[in-house]
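Following: one structure in structure tokens, then a few remarks.
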Amino acid sequence: MQQEGLKQGVEEQHLGDKTTHDVISKRVSLQQYAAICRQSEAGILGAVIYGADQSFLAAKLTPIWPQITSSLVPLSGAYAELFISREQPRYWHSGEMILAYNSQVVFGGFDLAVGSLAMQAEARYLQVRRLLSELNFPFIYRMWNELPDINGIKQGTEQYQHFCSGRAEAFATSAWQGTTLPAATAVGSHHSDRFVHYFIAGRTPCQAVENRQQVSAFDYPPQYGRHAPSFTRAQLIESPFGAQLWVSGTASIEGHQSLHLGDVNGQTRLAVKNIKRILMCTKQALGCDYQVPGVQAQYRVYLRDPDDLACIQSVVDDELGTAVDVSYVAADICRSELLVEIEAVFSRGCDLNEVVV
Ligand code: 3EB
């Protein structure tokens, strides 16, 4: 696919009655995923593979949609996370950057080796900005980042802070500021040199939700780094079909301080509590109640130490019940004292089991 074809597709799209800005995220086993890849007509925006092993790689699946391979090691079974929108997407790629878009939403990402994380983050985030602006997707909803050596120190500064600086520089001249920043996750890459990134954006504004018990990350004081992290606690996307509430990576932080140092049980409880607070803030600020039956919840828990799995899982089961969809993956967390981080997406009004695949 060529760069010239980039704009064309969006204008041409015949919408019919399928227009939707929903981006639904659905998890399937790698076996199910392989079967889906063989049905070439499936309307998938993209997929992220967690736990691609030798046999998965040997199968050399070549889906037409963007496929990102997470560097992270799942501790509770491999899976593919599908990003689905009901309208058939178009696909595009250039170098490491891969994209899929329809008339309402876009999914994209890259996986590349990095030297300077600050420079790469700035250059790549600028590329994302430019592409979204060319394609006319002004609203950025959600971004995921797997950063090499996230807690390592380079030239006297932590790699995560280098990343925050590069990202902030790339966003500095954009319309993405404060509450129009995306919900995000930034964790350590399992590989010492790979920067894995993927995102969703769209044509329709999303609505930010901040947690009143936490200082907004974009307002963190400078003690955490020269540039405050460019993300919101959650973003809500609503459409005639339903809604998705994308909740950022959430940790054991109150105000702007890390709490329960060295206490994995306490950190997990506070991370879950902060997610529940975001649901309360969503209800208070936007009137949308996400703690009611019929809302589908999908969580991902990042563990600094895989040996904490049993402890963290028992707290999560206790707090959330065992019926919810929770995936556990090993990853370093952006502040070196944090042992666990939890992200979630809540979907209302769309039955994931009804979606084509
Ligand atoms: C925090 O609340 C924990 O820099 O994009 C969580 C999610 C965190 C996203 C990011 C950082 C990021 O500050 C760290």
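By order in the structure tokens, chains are A, B, ...; within a chain, residues start at 1; ligands start at 1, following the order shown.
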Can you tell me, as a compact mmCIF listing (two decimals) with N, CA and C atoms, in the first residue's frame, what residues are no more than 7 Å from Asn102 (chain A) when counting only C-alpha atoms, ignoring any on the same chain fewer than 4 positions away?
# COMPACT_ATOMS: atom_id res chain seq x y z
N VAL A 10 -10.75 7.44 3.09
CA VAL A 10 -11.67 7.99 4.07
C VAL A 10 -12.83 8.69 3.38
N GLU A 87 -17.50 -1.02 10.98
CA GLU A 87 -17.37 -0.62 9.57
C GLU A 87 -16.03 -1.11 9.02
N GLN A 88 -16.06 -1.67 7.82
CA GLN A 88 -14.85 -2.25 7.22
C GLN A 88 -13.71 -1.23 7.13
N PRO A 89 -12.54 -1.53 7.67
CA PRO A 89 -11.42 -0.59 7.59
C PRO A 89 -10.61 -0.70 6.31
N ARG A 90 -9.77 0.30 6.08
CA ARG A 90 -8.72 0.27 5.07
C ARG A 90 -7.40 0.18 5.80
N VAL A 106 -9.43 5.05 13.93
CA VAL A 106 -8.15 4.56 13.40
C VAL A 106 -7.41 3.83 14.50
Mind checking which residues fall within 9 Å of Arg142 (chain A), counting only C-alpha atoms, ignoring those fewer than 4 positions away in the same chain, and posting them as a PDB file with all heavy atoms, in the first residue's frame?
ATOM      1  N   LEU A 181      -5.691  15.087  26.089  1.00  0.00           N
ATOM      2  CA  LEU A 181      -4.653  14.056  25.951  1.00  0.00           C
ATOM      3  C   LEU A 181      -5.319  12.686  26.003  1.00  0.00           C
ATOM      4  O   LEU A 181      -6.418  12.537  26.537  1.00  0.00           O
ATOM      5  CB  LEU A 181      -3.637  14.188  27.098  1.00  0.00           C
ATOM      6  CG  LEU A 181      -2.726  15.425  27.032  1.00  0.00           C
ATOM      7  CD1 LEU A 181      -2.021  15.643  28.366  1.00  0.00           C
ATOM      8  CD2 LEU A 181      -1.713  15.284  25.895  1.00  0.00           C
ATOM      9  N   PRO A 182      -4.667  11.673  25.462  1.00  0.00           N
ATOM     10  CA  PRO A 182      -5.276  10.338  25.490  1.00  0.00           C
ATOM     11  C   PRO A 182      -5.171   9.686  26.870  1.00  0.00           C
ATOM     12  O   PRO A 182      -4.316  10.058  27.673  1.00  0.00           O
ATOM     13  CB  PRO A 182      -4.403   9.557  24.492  1.00  0.00           C
ATOM     14  CG  PRO A 182      -3.063  10.230  24.567  1.00  0.00           C
ATOM     15  CD  PRO A 182      -3.368  11.691  24.776  1.00  0.00           C
ATOM     16  N   ALA A 183      -6.015   8.711  27.119  1.00  0.00           N
ATOM     17  CA  ALA A 183      -5.747   7.761  28.197  1.00  0.00           C
ATOM     18  C   ALA A 183      -4.529   6.953  27.749  1.00  0.00           C
ATOM     19  O   ALA A 183      -4.320   6.768  26.545  1.00  0.00           O
ATOM     20  CB  ALA A 183      -6.956   6.861  28.403  1.00  0.00           C
ATOM     21  N   ALA A 184      -3.697   6.498  28.679  1.00  0.00           N
ATOM     22  CA  ALA A 184      -2.461   5.833  28.246  1.00  0.00           C
ATOM     23  C   ALA A 184      -1.955   4.808  29.246  1.00  0.00           C
ATOM     24  O   ALA A 184      -2.385   4.774  30.405  1.00  0.00           O
ATOM     25  CB  ALA A 184      -1.370   6.869  27.990  1.00  0.00           C
ATOM     26  N   THR A 185      -1.059   4.000  28.736  1.00  0.00           N
ATOM     27  CA  THR A 185      -0.281   3.067  29.545  1.00  0.00           C
ATOM     28  C   THR A 185       1.170   3.240  29.117  1.00  0.00           C
ATOM     29  O   THR A 185       1.441   3.359  27.922  1.00  0.00           O
ATOM     30  CB  THR A 185      -0.736   1.617  29.273  1.00  0.00           C
ATOM     31  OG1 THR A 185      -2.078   1.473  29.729  1.00  0.00           O
ATOM     32  CG2 THR A 185       0.156   0.614  30.010  1.00  0.00           C
ATOM     33  N   TYR A 198       1.102   1.411  20.392  1.00  0.00           N
ATOM     34  CA  TYR A 198      -0.111   1.358  19.575  1.00  0.00           C
ATOM     35  C   TYR A 198      -1.156   2.298  20.150  1.00  0.00           C
ATOM     36  O   TYR A 198      -1.065   2.720  21.308  1.00  0.00           O
ATOM     37  CB  TYR A 198      -0.628  -0.082  19.394  1.00  0.00           C
ATOM     38  CG  TYR A 198      -0.849  -0.900  20.634  1.00  0.00           C
ATOM     39  CD1 TYR A 198      -2.134  -1.049  21.171  1.00  0.00           C
ATOM     40  CD2 TYR A 198       0.205  -1.550  21.261  1.00  0.00           C
ATOM     41  CE1 TYR A 198      -2.344  -1.821  22.296  1.00  0.00           C
ATOM     42  CE2 TYR A 198      -0.010  -2.319  22.399  1.00  0.00           C
ATOM     43  CZ  TYR A 198      -1.275  -2.446  22.915  1.00  0.00           C
ATOM     44  OH  TYR A 198      -1.489  -3.194  24.043  1.00  0.00           O
ATOM     45  N   PHE A 199      -2.101   2.698  19.313  1.00  0.00           N
ATOM     46  CA  PHE A 199      -3.034   3.755  19.701  1.00  0.00           C
ATOM     47  C   PHE A 199      -4.376   3.606  18.983  1.00  0.00           C
ATOM     48  O   PHE A 199      -4.462   2.922  17.959  1.00  0.00           O
ATOM     49  CB  PHE A 199      -2.445   5.139  19.364  1.00  0.00           C
ATOM     50  CG  PHE A 199      -2.242   5.363  17.883  1.00  0.00           C
ATOM     51  CD1 PHE A 199      -3.282   5.827  17.066  1.00  0.00           C
ATOM     52  CD2 PHE A 199      -1.021   5.081  17.295  1.00  0.00           C
ATOM     53  CE1 PHE A 199      -3.103   6.020  15.713  1.00  0.00           C
ATOM     54  CE2 PHE A 199      -0.831   5.269  15.924  1.00  0.00           C
ATOM     55  CZ  PHE A 199      -1.869   5.743  15.138  1.00  0.00           C
ATOM     56  N   ILE A 200      -5.395   4.261  19.533  1.00  0.00           N
ATOM     57  CA  ILE A 200      -6.653   4.443  18.806  1.00  0.00           C
ATOM     58  C   ILE A 200      -7.042   5.930  18.848  1.00  0.00           C
ATOM     59  O   ILE A 200      -6.788   6.619  19.833  1.00  0.00           O
ATOM     60  CB  ILE A 200      -7.810   3.553  19.328  1.00  0.00           C
ATOM     61  CG1 ILE A 200      -7.985   3.663  20.832  1.00  0.00           C
ATOM     62  CG2 ILE A 200      -7.617   2.109  18.920  1.00  0.00           C
ATOM     63  CD1 ILE A 200      -9.149   2.831  21.373  1.00  0.00           C
ATOM     64  N   ALA A 201      -7.609   6.398  17.749  1.00  0.00           N
ATOM     65  CA  ALA A 201      -8.012   7.801  17.631  1.00  0.00           C
ATOM     66  C   ALA A 201      -9.276   7.855  16.788  1.00  0.00           C
ATOM     67  O   ALA A 201      -9.676   6.840  16.211  1.00  0.00           O
ATOM     68  CB  ALA A 201      -6.888   8.601  16.972  1.00  0.00           C
ATOM     69  N   PHE A 231      -0.928  12.356  29.728  1.00  0.00           N
ATOM     70  CA  PHE A 231      -2.068  11.439  29.597  1.00  0.00           C
ATOM     71  C   PHE A 231      -3.176  11.802  30.572  1.00  0.00           C
ATOM     72  O   PHE A 231      -2.938  12.518  31.552  1.00  0.00           O
ATOM     73  CB  PHE A 231      -1.626   9.981  29.776  1.00  0.00           C
ATOM     74  CG  PHE A 231      -1.319   9.550  31.196  1.00  0.00           C
ATOM     75  CD1 PHE A 231      -2.251   8.847  31.948  1.00  0.00           C
ATOM     76  CD2 PHE A 231      -0.091   9.823  31.779  1.00  0.00           C
ATOM     77  CE1 PHE A 231      -1.969   8.434  33.250  1.00  0.00           C
ATOM     78  CE2 PHE A 231       0.205   9.402  33.080  1.00  0.00           C
ATOM     79  CZ  PHE A 231      -0.745   8.705  33.817  1.00  0.00           C
ATOM     80  N   ALA A 234      -8.731   8.685  32.141  1.00  0.00           N
ATOM     81  CA  ALA A 234      -9.662   7.859  31.354  1.00  0.00           C
ATOM     82  C   ALA A 234     -10.285   8.709  30.264  1.00  0.00           C
ATOM     83  O   ALA A 234     -10.355   9.937  30.388  1.00  0.00           O
ATOM     84  CB  ALA A 234     -10.754   7.279  32.253  1.00  0.00           C
ATOM     85  N   GLN A 235     -10.691   8.061  29.182  1.00  0.00           N
ATOM     86  CA  GLN A 235     -11.423   8.737  28.109  1.00  0.00           C
ATOM     87  C   GLN A 235     -12.650   7.902  27.763  1.00  0.00           C
ATOM     88  O   GLN A 235     -12.578   6.671  27.655  1.00  0.00           O
ATOM     89  CB  GLN A 235     -10.549   8.901  26.860  1.00  0.00           C
ATOM     90  CG  GLN A 235      -9.453   9.968  26.981  1.00  0.00           C
ATOM     91  CD  GLN A 235      -9.964  11.407  26.941  1.00  0.00           C
ATOM     92  OE1 GLN A 235     -11.156  11.663  26.742  1.00  0.00           O
ATOM     93  NE2 GLN A 235      -9.066  12.357  27.139  1.00  0.00           N
ATOM     94  N   TRP A 246     -12.171   3.977  28.370  1.00  0.00           N
ATOM     95  CA  TRP A 246     -10.788   3.480  28.361  1.00  0.00           C
ATOM     96  C   TRP A 246     -10.062   4.050  29.559  1.00  0.00           C
ATOM     97  O   TRP A 246      -9.860   5.262  29.648  1.00  0.00           O
ATOM     98  CB  TRP A 246     -10.084   3.903  27.066  1.00  0.00           C
ATOM     99  CG  TRP A 246     -10.702   3.305  25.841  1.00  0.00           C
ATOM    100  CD1 TRP A 246     -11.694   3.853  25.071  1.00  0.00           C
ATOM    101  CD2 TRP A 246     -10.399   2.033  25.251  1.00  0.00           C
ATOM    102  NE1 TRP A 246     -12.001   3.003  24.034  1.00  0.00           N
ATOM    103  CE2 TRP A 246     -11.221   1.880  24.120  1.00  0.00           C
ATOM    104  CE3 TRP A 246      -9.486   1.012  25.561  1.00  0.00           C
ATOM    105  CZ2 TRP A 246     -11.187   0.753  23.299  1.00  0.00           C
ATOM    106  CZ3 TRP A 246      -9.442  -0.105  24.751  1.00  0.00           C
ATOM    107  CH2 TRP A 246     -10.283  -0.235  23.637  1.00  0.00           C
ATOM    108  N   VAL A 247      -9.695   3.196  30.495  1.00  0.00           N
ATOM    109  CA  VAL A 247      -9.040   3.630  31.731  1.00  0.00           C
ATOM    110  C   VAL A 247      -7.538   3.380  31.620  1.00  0.00           C
ATOM    111  O   VAL A 247      -7.105   2.262  31.319  1.00  0.00           O
ATOM    112  CB  VAL A 247      -9.627   2.898  32.959  1.00  0.00           C
ATOM    113  CG1 VAL A 247      -8.918   3.334  34.228  1.00  0.00           C
ATOM    114  CG2 VAL A 247     -11.133   3.145  33.063  1.00  0.00           C
ATOM    115  N   SER A 248      -6.755   4.418  31.863  1.00  0.00           N
ATOM    116  CA  SER A 248      -5.294   4.352  31.769  1.00  0.00           C
ATOM    117  C   SER A 248      -4.704   3.377  32.777  1.00  0.00           C
ATOM    118  O   SER A 248      -5.362   3.002  33.754  1.00  0.00           O
ATOM    119  CB  SER A 248      -4.706   5.731  32.078  1.00  0.00           C
ATOM    120  OG  SER A 248      -5.028   6.642  31.078  1.00  0.00           O
TER     121      SER A 248
END
Go through chain A and flag each residue having an atom no more than 9 Å from ligand 1; for those, report the closest pair of atoms plus their distance in Å to one decimal, using only C-alpha atoms and all ligand atoms, ordered by chain and rising number, as a tab-separated table.
residue	atom	partner	partner_atom_place_in_ligand_line	distance
A:Met143	CA	ligand 1	5 (O)	7.6
A:Trp144	CA	ligand 1	5 (O)	7.4
A:Asn145	CA	ligand 1	5 (O)	7.2
A:Tyr160	CA	ligand 1	4 (O)	7.6
A:Gln161	CA	ligand 1	4 (O)	8.7
A:Phe163	CA	ligand 1	4 (O)	8.1
A:Cys164	CA	ligand 1	4 (O)	6.5
A:Pro182	CA	ligand 1	5 (O)	8.7
A:Ala183	CA	ligand 1	9 (C)	7.4
A:Ala184	CA	ligand 1	9 (C)	4.6
A:Thr185	CA	ligand 1	9 (C)	3.8
A:Ala186	CA	ligand 1	5 (O)	4.5
A:Val187	CA	ligand 1	11 (C)	7.4
A:Gln214	CA	ligand 1	2 (O)	8.2
A:Val215	CA	ligand 1	2 (O)	9.0
A:Ser216	CA	ligand 1	2 (O)	8.4
A:Ala217	CA	ligand 1	13 (O)	5.7
A:Tyr220	CA	ligand 1	13 (O)	8.3
A:Ala228	CA	ligand 1	4 (O)	8.3
A:Pro229	CA	ligand 1	4 (O)	4.7
A:Ser230	CA	ligand 1	5 (O)	6.3
A:Phe231	CA	ligand 1	5 (O)	5.6
A:Thr232	CA	ligand 1	9 (C)	8.2
A:Arg233	CA	ligand 1	7 (C)	7.7
A:Ser248	CA	ligand 1	7 (C)	5.3
A:Gly249	CA	ligand 1	7 (C)	3.9
A:Thr250	CA	ligand 1	2 (O)	5.4
A:Ala251	CA	ligand 1	3 (C)	5.4
A:Ser252	CA	ligand 1	2 (O)	7.7
A:Ile253	CA	ligand 1	2 (O)	6.4
A:Glu254	CA	ligand 1	2 (O)	8.9
A:His256	CA	ligand 1	13 (O)	7.6
A:Ser258	CA	ligand 1	1 (C)	8.8
A:Ile333	CA	ligand 1	14 (C)	7.0
A:Cys334	CA	ligand 1	14 (C)	5.4
A:Arg335	CA	ligand 1	14 (C)	6.8
A:Leu338	CA	ligand 1	3 (C)	8.3
A:Glu341	CA	ligand 1	6 (C)	7.3
A:Ile342	CA	ligand 1	6 (C)	8.6
A:Glu343	CA	ligand 1	7 (C)	8.1
To one decimal in Å, tell me the separation between CA of Leu236 (chain A) and CA of Gln207 (chain A).
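CA of Gln207 (chain A) lies 5.0 Å from CA of Leu236 (chain A).
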Give me, as a ChimeraX atom specification, all polymer residues having an atom no more than 8 Å from Thr69 (chain A), counting only C-alpha atoms and skipping those fewer than 4 positions away in the same chain.
/A:48-50,52,111
What's around region 53-57 of chain A at 10 Å? Count only C-alpha atoms, leave out sequence neighbours fewer than 6 positions away in its own chain, and write the answer as a list in words.
Leu30, Gln31, Ala34, Val73 and Ala78 of chain A
Fewer than 4 positions away in the same chain doesn't count, so skip those; otherwise give me all residues within 7 Å of Pro138 (chain A), counting only C-alpha atoms, as a PyMOL selection string.
chain A and resi 132-133+202-203
As a VMD selection string, list the residues of region 157-353 of chain A assigned to alpha helix (DSSP H) by DSSP on the backbone atoms of this structure.
chain A and resid 159 to 172 264 to 286 309 to 320
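By chain and then residue number, the residues within 12 Å of Lys283 (chain A) are A:Val209, A:Glu210, A:Asn211, A:Leu236, A:Leu245, A:Lys276, A:Arg277, A:Asp289, A:Tyr290, A:Gln291, A:Val292, counting only C-alpha atoms and disregarding those fewer than 6 positions away in sequence.
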Take the residues just selected and output them with all heavy atoms as a CSV table (one decimal), in the first residue's frame.
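Listing of out_30.csv after writing:
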chain,number,residue,atom,x,y,z
A,209,VAL,N,-12.0,11.8,31.8
A,209,VAL,CA,-12.5,11.6,33.2
A,209,VAL,C,-11.2,11.6,34.1
A,209,VAL,O,-10.3,10.8,33.8
A,209,VAL,CB,-13.2,10.3,33.5
A,209,VAL,CG1,-13.7,10.2,34.9
A,209,VAL,CG2,-14.4,10.2,32.5
A,210,GLU,N,-11.1,12.5,35.0
A,210,GLU,CA,-10.0,12.5,36.0
A,210,GLU,C,-10.4,12.0,37.3
A,210,GLU,O,-11.6,12.1,37.6
A,210,GLU,CB,-9.4,13.9,36.1
A,210,GLU,CG,-8.7,14.4,34.8
A,210,GLU,CD,-7.4,13.6,34.5
A,210,GLU,OE1,-6.5,13.4,35.4
A,210,GLU,OE2,-7.3,13.1,33.4
A,211,ASN,N,-9.5,11.4,38.1
A,211,ASN,CA,-9.8,10.9,39.4
A,211,ASN,C,-9.5,12.0,40.4
A,211,ASN,O,-8.4,12.5,40.5
A,211,ASN,CB,-8.8,9.7,39.6
A,211,ASN,CG,-9.0,9.1,41.0
A,211,ASN,OD1,-9.6,9.7,41.9
A,211,ASN,ND2,-8.3,8.0,41.2
A,236,LEU,N,-13.8,8.6,27.6
A,236,LEU,CA,-15.0,7.9,27.3
A,236,LEU,C,-15.4,8.2,25.8
A,236,LEU,O,-15.3,9.4,25.4
A,236,LEU,CB,-16.2,8.5,28.2
A,236,LEU,CG,-17.6,8.0,27.9
A,236,LEU,CD1,-17.7,6.5,28.3
A,236,LEU,CD2,-18.6,8.8,28.6
A,245,LEU,N,-15.3,3.1,27.9
A,245,LEU,CA,-14.5,3.9,28.8
A,245,LEU,C,-13.2,3.3,28.9
A,245,LEU,O,-13.0,2.2,29.5
A,245,LEU,CB,-15.2,3.9,30.2
A,245,LEU,CG,-14.5,4.7,31.3
A,245,LEU,CD1,-14.6,6.2,31.0
A,245,LEU,CD2,-15.1,4.5,32.7
A,276,LYS,N,-12.0,2.2,40.7
A,276,LYS,CA,-13.4,2.3,41.1
A,276,LYS,C,-13.7,3.8,41.3
A,276,LYS,O,-14.8,4.3,41.0
A,276,LYS,CB,-13.6,1.6,42.4
A,276,LYS,CG,-13.6,0.0,42.2
A,276,LYS,CD,-13.9,-0.7,43.5
A,276,LYS,CE,-13.9,-2.2,43.2
A,276,LYS,NZ,-14.0,-3.0,44.5
A,277,ARG,N,-12.7,4.6,41.7
A,277,ARG,CA,-12.9,6.1,41.9
A,277,ARG,C,-13.1,6.7,40.5
A,277,ARG,O,-13.9,7.6,40.4
A,277,ARG,CB,-11.7,6.7,42.5
A,277,ARG,CG,-11.6,6.4,44.0
A,277,ARG,CD,-10.2,6.7,44.6
A,277,ARG,NE,-10.2,6.8,46.0
A,277,ARG,CZ,-9.1,6.9,46.7
A,277,ARG,NH1,-7.9,6.9,46.1
A,277,ARG,NH2,-9.1,6.9,48.0
A,289,ASP,N,-23.1,5.5,34.4
A,289,ASP,CA,-22.8,4.6,35.5
A,289,ASP,C,-22.2,3.3,34.9
A,289,ASP,O,-22.9,2.6,34.2
A,289,ASP,CB,-24.1,4.3,36.3
A,289,ASP,CG,-23.7,3.6,37.6
A,289,ASP,OD1,-22.6,3.1,37.8
A,289,ASP,OD2,-24.6,3.5,38.5
A,290,TYR,N,-21.0,3.0,35.2
A,290,TYR,CA,-20.3,1.8,34.7
A,290,TYR,C,-20.2,0.7,35.8
A,290,TYR,O,-19.6,-0.3,35.5
A,290,TYR,CB,-18.9,2.2,34.2
A,290,TYR,CG,-19.0,2.8,32.8
A,290,TYR,CD1,-19.4,4.2,32.7
A,290,TYR,CD2,-18.9,2.1,31.7
A,290,TYR,CE1,-19.6,4.7,31.4
A,290,TYR,CE2,-19.1,2.6,30.4
A,290,TYR,CZ,-19.4,3.9,30.3
A,290,TYR,OH,-19.6,4.4,29.1
A,291,GLN,N,-20.9,0.9,36.9
A,291,GLN,CA,-20.9,-0.1,37.9
A,291,GLN,C,-22.3,-0.7,38.0
A,291,GLN,O,-22.9,-0.9,39.0
A,291,GLN,CB,-20.5,0.4,39.3
A,291,GLN,CG,-19.0,0.6,39.3
A,291,GLN,CD,-18.4,1.1,40.6
A,291,GLN,OE1,-18.8,2.1,41.1
A,291,GLN,NE2,-17.6,0.3,41.2
A,292,VAL,N,-22.8,-1.1,36.8
A,292,VAL,CA,-24.2,-1.7,36.7
A,292,VAL,C,-24.1,-3.0,35.9
A,292,VAL,O,-23.2,-3.1,35.1
A,292,VAL,CB,-25.2,-0.7,36.1
A,292,VAL,CG1,-25.5,0.5,37.0
A,292,VAL,CG2,-24.7,-0.2,34.7
